[in-house]
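Notes for the one structure printed next.
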Amino acid sequence: MTSRTAIVTGAARGIGAATARRLAADGHAVAVIDLNEADAQDTVKAVEAAGGTALAIGADVSDEAAVASAVERVAAELGPPAILVNNAGILRDNLLFKMTAGDWDAVMSVHLRGAFLMSRAVQPHMVEAEWGRIVNLSSTSALGNRGQANYAAAKAGMQGLTKTLAIELGRYGVTANAVAPGFIQTEMTRATAERIGVPFEDFLAHAAKETPVGRVGQPEDVAAAVAYFCSEDAGFVSGQVLYVAGGPKA
Ligand code: NAP
């Protein structure tokens with residue numbers, strides 16, 4: 001496998017951390033971007049302990065200047081980025097009548113503006129190399145989910161962004177695909193359980209019962225799907241959305 005430079009956003013923990021570890025295991029040098037550089041160091045240490053190469057960078061993906069300097073640093077220290085995984089995400093769940101404009105804007109800003117800014121900053125490197133892979137994290141919530149008007153709209157937006165990137169960048173050897181996870185056991189789902197006042201173990205058991213394969217997803221399940229889209233073999237697969245949800249629907 002050709003070794004490339006990959007960027008994974010929101011990679012201090014959860015799905016992003018598992019994806020960074022997986023891409024490093026696949027032979028790539030990985031830039032671990034998260035809000036806080038110190039948090040990103042944990043993932044870097046895990047990659048290095050497994051014999052891989054990684055670099056921690058603190059950056060808010062919704063901040064245009066921070067994104068530009070993060071990508072410049074990746075190019076200077078690890079080499080031109082050829083793989084981008086837009087994974088950084090937040091929740092600000094609430095029923096519509098209680099959702100504030102701030103909750104709406106925050107979610108749009110991290111997921112959509114963040115993926116847009118990162119993709120725009122990275123694409124000149126991919127176009128120059130005539131090779132690139134962009135993978136965006138969508139969600140089964142893109143199909144609609146109670147209490148998530150903001151998140152569902154952002155995750156459906158990620159799919160539209162993905163398909164447009166695929167159309168615009170295909171001629172330069174760049175593919176863009178989305179992975180849409182179902183219930184994955186991370187701090188994000190733990191926070192949801194806390195918010196609705198259900199013990200996390202009960203929340204997990206309920207989700208497992210509702211899932212055809214009879215278990216909840218783990219970050220590594222999502223990382224494996226992302227790794228496929230990033231592979232050399234996936235060069236003719238673009239603009240797709242792969243639901244990684246233990247069954248056919250949310
Ligand atoms: P997580 O455990 O909450 O991790 C998200 C990471 O993103 C955190 O380290 C967080 O940093 C970071 N982040 C947040 N805002 C950021 C920003 N503006 N710039 C840079 N980094 C930022 O979430 P997860 O469960 O692994 O989810 C990862 C992705 O998968 C998200 O896009 C999520 O929407 C999606 N997804 C998750 C599930 C699920 O069931 N878990 C299902 C479908 C889709 P801080 O810790 O500093 O906030």
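Chain labels A, B, ... are given in the sequence in which chains occur in the structure tokens; within each chain residues are numbered consecutively from 1, and ligands are likewise numbered from 1 in the order shown.
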
Do a neighbour search on range 231-241 of chain A at 10 Å with only C-alpha atoms, toss out local chain neighbours closer than 4 positions, and write the hits as a ChimeraX atom specification.
/A:1-2,23,26,83,131-139,158-167,169-170,173-180,226-227

Range 6-241 of chain A: residues DSSP assigns to helix (DSSP H, G or I), reported as a PyMOL selection string:
chain A and resi 14-25+37-49+64-77+96-98+101-129+140-143+149-172+187-196+200-210+219-230+232-234

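Near Leu55 in chain A, within 8 Å and counting only C-alpha atoms, sit A:Val30, A:Ala31, A:Val32, A:Gln41, A:Val44, A:Thr53, A:Ile57, A:Val74, A:Leu78; same-chain residues fewer than 2 positions away were not included.
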
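Distances from A:Ala121, A:Val67, A:Ala25, A:Ala245 to Pro81 in chain A were compared using only C-alpha atoms, and the smallest one belongs to A:Ala121.
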
Expected answer as a PyMOL selection string: residues within 8 Å of ligand 1, only C-alpha atoms and all ligand atoms:
chain A and resi 9-17+33-36+39-40+58-63+86-91+109-111+114+137-141+151+155+180-189+217+219

Give the strand (DSSP E or B) residues of range 70-185 of chain A, as assigned by DSSP on the backbone, as number ranges by chain.
A: 81-86, 94, 132-137, 148, 174-181, 184

Compile the contact shell of Phe200 in chain A as a PyMOL selection string: residues with an atom at most 10 Å away, counting only C-alpha atoms, same-chain residues fewer than 4 positions apart removed.
chain A and resi 185+189-194+204-206

Selected residues, N, CA, C and O atoms, written as a PDB file, in the first residue's frame, please.
ATOM      1  N   GLN A 185     -20.846   3.470  20.224  1.00  0.00           N
ATOM      2  CA  GLN A 185     -20.532   3.694  21.648  1.00  0.00           C
ATOM      3  C   GLN A 185     -19.351   4.647  21.788  1.00  0.00           C
ATOM      4  O   GLN A 185     -18.194   4.246  21.617  1.00  0.00           O
ATOM      5  N   THR A 189     -22.562   9.492  22.461  1.00  0.00           N
ATOM      6  CA  THR A 189     -23.786   8.782  22.845  1.00  0.00           C
ATOM      7  C   THR A 189     -23.908   8.708  24.371  1.00  0.00           C
ATOM      8  O   THR A 189     -25.005   8.715  24.913  1.00  0.00           O
ATOM      9  N   ARG A 190     -22.766   8.697  25.073  1.00  0.00           N
ATOM     10  CA  ARG A 190     -22.815   8.740  26.542  1.00  0.00           C
ATOM     11  C   ARG A 190     -23.456  10.060  26.998  1.00  0.00           C
ATOM     12  O   ARG A 190     -24.288  10.086  27.914  1.00  0.00           O
ATOM     13  N   ALA A 191     -23.080  11.152  26.329  1.00  0.00           N
ATOM     14  CA  ALA A 191     -23.630  12.465  26.689  1.00  0.00           C
ATOM     15  C   ALA A 191     -25.138  12.515  26.419  1.00  0.00           C
ATOM     16  O   ALA A 191     -25.891  13.139  27.179  1.00  0.00           O
ATOM     17  N   THR A 192     -25.567  11.850  25.347  1.00  0.00           N
ATOM     18  CA  THR A 192     -27.006  11.818  25.049  1.00  0.00           C
ATOM     19  C   THR A 192     -27.751  11.083  26.164  1.00  0.00           C
ATOM     20  O   THR A 192     -28.814  11.527  26.621  1.00  0.00           O
ATOM     21  N   ALA A 193     -27.194   9.944  26.595  1.00  0.00           N
ATOM     22  CA  ALA A 193     -27.823   9.183  27.685  1.00  0.00           C
ATOM     23  C   ALA A 193     -27.943  10.052  28.941  1.00  0.00           C
ATOM     24  O   ALA A 193     -28.988  10.082  29.595  1.00  0.00           O
ATOM     25  N   GLU A 194     -26.863  10.776  29.243  1.00  0.00           N
ATOM     26  CA  GLU A 194     -26.873  11.655  30.422  1.00  0.00           C
ATOM     27  C   GLU A 194     -27.947  12.723  30.288  1.00  0.00           C
ATOM     28  O   GLU A 194     -28.683  13.007  31.227  1.00  0.00           O
ATOM     29  N   LEU A 204     -27.343   1.624  26.034  1.00  0.00           N
ATOM     30  CA  LEU A 204     -26.642   0.724  25.115  1.00  0.00           C
ATOM     31  C   LEU A 204     -27.468  -0.544  24.877  1.00  0.00           C
ATOM     32  O   LEU A 204     -27.611  -1.001  23.730  1.00  0.00           O
ATOM     33  N   ALA A 205     -28.030  -1.099  25.952  1.00  0.00           N
ATOM     34  CA  ALA A 205     -28.798  -2.340  25.835  1.00  0.00           C
ATOM     35  C   ALA A 205     -30.027  -2.122  24.946  1.00  0.00           C
ATOM     36  O   ALA A 205     -30.359  -2.958  24.099  1.00  0.00           O
ATOM     37  N   HIS A 206     -30.679  -0.972  25.130  1.00  0.00           N
ATOM     38  CA  HIS A 206     -31.853  -0.660  24.310  1.00  0.00           C
ATOM     39  C   HIS A 206     -31.455  -0.517  22.839  1.00  0.00           C
ATOM     40  O   HIS A 206     -32.102  -1.078  21.951  1.00  0.00           O
TER      41      HIS A 206
END

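Neighbours of His125 in chain A closer than or equal to 7 Å, with only C-alpha atoms counted and sequence neighbours fewer than 4 positions away skipped, come out as Pro80, Pro81, Ala82 and Ala129 of chain A.
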
Save out the residues we just selected, N, CA and C atoms, as a PDB file, in the first residue's frame.
ATOM      1  N   PRO A  80       2.219  16.740   1.829  1.00  0.00           N
ATOM      2  CA  PRO A  80       0.924  17.216   1.327  1.00  0.00           C
ATOM      3  C   PRO A  80      -0.206  16.236   1.660  1.00  0.00           C
ATOM      4  N   PRO A  81      -1.294  16.724   2.256  1.00  0.00           N
ATOM      5  CA  PRO A  81      -2.377  15.808   2.620  1.00  0.00           C
ATOM      6  C   PRO A  81      -3.089  15.226   1.392  1.00  0.00           C
ATOM      7  N   ALA A  82      -3.283  13.904   1.414  1.00  0.00           N
ATOM      8  CA  ALA A  82      -3.940  13.205   0.305  1.00  0.00           C
ATOM      9  C   ALA A  82      -5.255  12.574   0.755  1.00  0.00           C
ATOM     10  N   ALA A 129      -1.553  16.594  -6.723  1.00  0.00           N
ATOM     11  CA  ALA A 129      -1.055  15.202  -6.733  1.00  0.00           C
ATOM     12  C   ALA A 129      -1.885  14.308  -7.654  1.00  0.00           C
TER      13      ALA A 129
END

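Between CA of Gln148 in chain A and CA of Asp103 in chain A the interatomic distance comes to 10.2 Å.
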